[in-house]
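For reference, the structure is listed below as structure tokens.
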Amino acid sequence: MRIVIVWWDLTASRQTIDSLRHFLRDEAIERFASTPGLRLKFWISDRATNRWGAVMLWESADAAAAVAALPNRAAHLIGYPPTQVAAFDVEATVEGCFEVAALAGRGLVWEG
């Protein structure tokens with residue numbers, strides 16, 4: 001398994017965290033729901049530093065590399081590639097005790 005983390009510093013972009021939430025709701029979430037090899041993706045933001053990004057858990061390094069080679073709609077909207085990209089091997093996974101079984105449909109994008 002492979003983890004990929006991407007961050008954009010939005011300072012030089014016309015996009016904002018709020019406008020990118022619309023992008024998530026209108027197209028990105030549905031598109032990524034059918035991405036081969038993607039186990040989990042969550043989008044992240046930090047208003048204090050004006051950063052936007054994502055963390056993706058892939059079944060394999062090959063699956064992550066295959067998608068990385070495709071055009072990136074977020075980069076197109078933001079106007080430039082991610083400011084930071086990091087990829088790591090996954091040593092282990094575990095799921096803790098939780099009350100809400102499904103992760104899909106959760107997050108700030110659904111609250112606004």
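Identifiers in the structure tokens: chain A, B, ... in order shown; residue index from 1 per chain; ligand index from 1 in order shown.
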
Polymer residues at most 9 Å from Gly53 of chain A, only C-alpha atoms, same-chain spacing of 2 or more positions, as number ranges by chain: A: 5-9, 42-46, 51, 55, 82

With N, CA, C and O atoms retained, could you export that selection as a short mmCIF file (atom, residue, chain, number, x, y, z; two decimals), in the first residue's frame?
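Final output, saved to again29.cif:
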```cif
data_model
loop_
_atom_site.label_atom_id
_atom_site.label_comp_id
_atom_site.auth_asym_id
_atom_site.auth_seq_id
_atom_site.Cartn_x
_atom_site.Cartn_y
_atom_site.Cartn_z
N ILE A 5 0.46 12.32 -0.27
CA ILE A 5 -0.05 13.56 0.32
C ILE A 5 0.32 14.70 -0.61
O ILE A 5 1.49 14.83 -1.00
N VAL A 6 -0.67 15.51 -0.98
CA VAL A 6 -0.41 16.67 -1.84
C VAL A 6 -0.94 17.93 -1.14
O VAL A 6 -1.98 17.88 -0.48
N TRP A 7 -0.20 19.01 -1.27
CA TRP A 7 -0.59 20.32 -0.71
C TRP A 7 -0.41 21.38 -1.77
O TRP A 7 0.58 21.39 -2.49
N TRP A 8 -1.35 22.30 -1.81
CA TRP A 8 -1.20 23.52 -2.59
C TRP A 8 -1.20 24.70 -1.64
O TRP A 8 -2.05 24.79 -0.76
N ASP A 9 -0.28 25.62 -1.84
CA ASP A 9 -0.34 26.94 -1.21
C ASP A 9 -1.19 27.77 -2.18
O ASP A 9 -0.80 27.99 -3.33
N PHE A 42 -9.02 11.60 1.35
CA PHE A 42 -9.67 12.69 2.05
C PHE A 42 -8.96 13.98 1.69
O PHE A 42 -7.75 14.04 1.56
N TRP A 43 -9.79 15.01 1.46
CA TRP A 43 -9.30 16.33 1.13
C TRP A 43 -9.13 17.11 2.42
O TRP A 43 -9.94 16.98 3.34
N ILE A 44 -8.09 17.91 2.47
CA ILE A 44 -7.75 18.64 3.70
C ILE A 44 -7.53 20.11 3.38
O ILE A 44 -7.19 20.47 2.25
N SER A 45 -7.75 20.96 4.38
CA SER A 45 -7.51 22.39 4.21
C SER A 45 -7.00 22.98 5.51
O SER A 45 -7.23 22.43 6.59
N ASP A 46 -6.31 24.09 5.38
CA ASP A 46 -5.80 24.84 6.53
C ASP A 46 -5.96 26.32 6.22
O ASP A 46 -5.16 26.90 5.49
N ARG A 51 -3.81 26.74 2.75
CA ARG A 51 -3.38 25.53 2.03
C ARG A 51 -4.57 24.60 1.82
O ARG A 51 -5.49 24.53 2.63
N VAL A 55 -5.03 13.57 1.01
CA VAL A 55 -4.29 12.39 1.43
C VAL A 55 -4.97 11.20 0.77
O VAL A 55 -6.20 11.06 0.87
N PRO A 82 0.76 20.89 -7.49
CA PRO A 82 0.88 20.97 -6.03
C PRO A 82 2.20 21.58 -5.60
O PRO A 82 3.24 21.35 -6.21
#
```

Residue list (strand (DSSP E or B), DSSP) for chain A, as a count of residues only: 31

Spatial neighbours of Val67 of chain A, max dist 10 Å, only C-alpha atoms, sep filter under 6 positions, as number ranges by chain: A: 35-38

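Taking atom CA of Glu95 of chain A as the reference point, atom CA of Leu24 of chain A is found at 25.5 Å.
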
Distance query Glu91 of chain A at most 9 Å, only C-alpha atoms, self and fewer than 2 positions along chain excluded, as JSON, numbers by chain: {"A": [1, 89, 93]}

Can you spit out the residues from that selection as a compact mmCIF listing (two decimals), in the first residue's frame, using N, CA and C atoms?
```txt
# COMPACT_ATOMS: atom_id res chain seq x y z
N MET A 1 0.84 -1.18 0.00
CA MET A 1 0.00 0.00 0.00
C MET A 1 0.89 1.24 0.00
N ASP A 89 5.51 4.43 1.76
CA ASP A 89 5.02 3.06 1.91
C ASP A 89 4.22 2.97 3.20
N THR A 93 -1.79 -0.97 8.91
CA THR A 93 -3.05 -0.25 9.06
C THR A 93 -3.86 -0.88 10.18
```

Compile the contact shell of Ala65 of chain A as a PDB file with C-alpha atoms, in the first residue's frame: residues with an atom at most 10 Å away, counting only C-alpha atoms, same-chain residues fewer than 6 positions apart removed.
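Result file selection.pdb:
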```pdb
ATOM      1  CA  ARG A   2       1.046   3.575  -0.637  1.00  0.00           C
ATOM      2  CA  VAL A   4       0.343  10.105  -1.241  1.00  0.00           C
ATOM      3  CA  TRP A  58      -3.622   3.384  -2.616  1.00  0.00           C
TER       4      TRP A  58
END
```

Among listed residues A:Cys97, A:Val109, A:Ala68, A:Ile3, nearest His22 of chain A (using only C-alpha atoms):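 Smallest distance to His22 of chain A is found for A:Val109.
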
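The two atoms in question, atom CA of Met56 of chain A and atom CA of Ile17 of chain A, are spaced 18.6 Å apart.
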
Nearest to Phe32 of chain A, chosen from A:Ser13, A:Asn72, A:Asn50, A:Ser60, with only C-alpha atoms counted in the distances: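 Under the stated criterion, the closest residue is A:Asn72.
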
Residues within 10 Å of Gly79 of chain A, please, as an mmCIF file with N, CA and C atoms, in the first residue's frame. Count only C-alpha atoms; anything in the same chain fewer than 5 positions from it doesn't count.
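Contents of the output file part-v8.cif:
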```cif
data_model
loop_
_atom_site.group_PDB
_atom_site.id
_atom_site.type_symbol
_atom_site.label_atom_id
_atom_site.label_comp_id
_atom_site.auth_asym_id
_atom_site.auth_seq_id
_atom_site.Cartn_x
_atom_site.Cartn_y
_atom_site.Cartn_z
ATOM 1 N N LEU A 10 -2.362 28.206 -1.754
ATOM 2 C CA LEU A 10 -3.302 28.892 -2.640
ATOM 3 C C LEU A 10 -3.033 30.385 -2.792
ATOM 4 N N ALA A 12 -1.089 32.183 -4.574
ATOM 5 C CA ALA A 12 -0.952 32.686 -5.943
ATOM 6 C C ALA A 12 -2.110 32.272 -6.847
ATOM 7 N N SER A 13 -3.128 31.659 -6.303
ATOM 8 C CA SER A 13 -4.255 31.155 -7.099
ATOM 9 C C SER A 13 -5.496 32.033 -6.941
ATOM 10 N N ARG A 14 -6.345 32.025 -7.968
ATOM 11 C CA ARG A 14 -7.647 32.682 -7.862
ATOM 12 C C ARG A 14 -8.614 31.816 -7.058
ATOM 13 N N GLN A 15 -8.294 30.538 -6.878
ATOM 14 C CA GLN A 15 -9.151 29.627 -6.127
ATOM 15 C C GLN A 15 -8.972 29.852 -4.627
ATOM 16 N N ARG A 73 -7.285 17.746 -12.490
ATOM 17 C CA ARG A 73 -8.301 18.801 -12.576
ATOM 18 C C ARG A 73 -8.089 19.877 -11.512
ATOM 19 N N ALA A 74 -7.715 19.476 -10.294
ATOM 20 C CA ALA A 74 -7.461 20.463 -9.237
ATOM 21 C C ALA A 74 -6.314 21.386 -9.635
#
```

Which of A:Ala69, A:Leu57, A:Leu20, A:Lys41 sits closest to Arg106 of chain A [using only C-alpha atoms]: A:Lys41

Two-atom distance - atom CA of Ala63 of chain A, atom CA of Thr16 of chain A (Å):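 Interatomic distance, atom CA of Ala63 of chain A to atom CA of Thr16 of chain A: 29.2 Å.
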
Nearest-residue call for Thr49 of chain A, choices A:Tyr80, A:Thr11, A:Asp18, A:Leu103, using only C-alpha atoms: A:Thr11

DSSP-assigned alpha helix (DSSP H) among segment 28-84 of chain A, expressed as a list of chain:residue names: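 Selection result, alpha helix (DSSP H) within segment 28-84 of chain A: A:Ile29, A:Glu30, A:Arg31, A:Phe32, A:Ala61, A:Asp62, A:Ala63, A:Ala64, A:Ala65, A:Ala66, A:Val67, A:Ala68, A:Arg73, A:Ala74, A:Ala75, A:His76, A:Leu77, A:Ile78.
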
Residue subset to file, keeping C-alpha atoms, as a tab-separated table (two decimals), in the first residue's frame:
```tsv
chain	number	residue	atom	x	y	z
A	29	ILE	CA	-15.90	13.34	-5.02
A	30	GLU	CA	-17.99	11.41	-7.53
A	31	ARG	CA	-15.09	11.04	-9.95
A	32	PHE	CA	-12.71	9.66	-7.33
A	61	ALA	CA	2.49	2.02	-5.73
A	62	ASP	CA	1.50	1.09	-9.30
A	63	ALA	CA	-2.08	2.29	-8.76
A	64	ALA	CA	-0.83	5.58	-7.31
A	65	ALA	CA	1.61	6.06	-10.20
A	66	ALA	CA	-1.04	5.32	-12.83
A	67	VAL	CA	-3.33	8.06	-11.51
A	68	ALA	CA	-0.44	10.51	-11.01
A	73	ARG	CA	-8.30	18.80	-12.58
A	74	ALA	CA	-7.46	20.46	-9.24
A	75	ALA	CA	-4.11	21.66	-10.60
A	76	HIS	CA	-5.91	23.02	-13.64
A	77	LEU	CA	-8.38	24.96	-11.49
A	78	ILE	CA	-5.73	26.18	-9.05
```
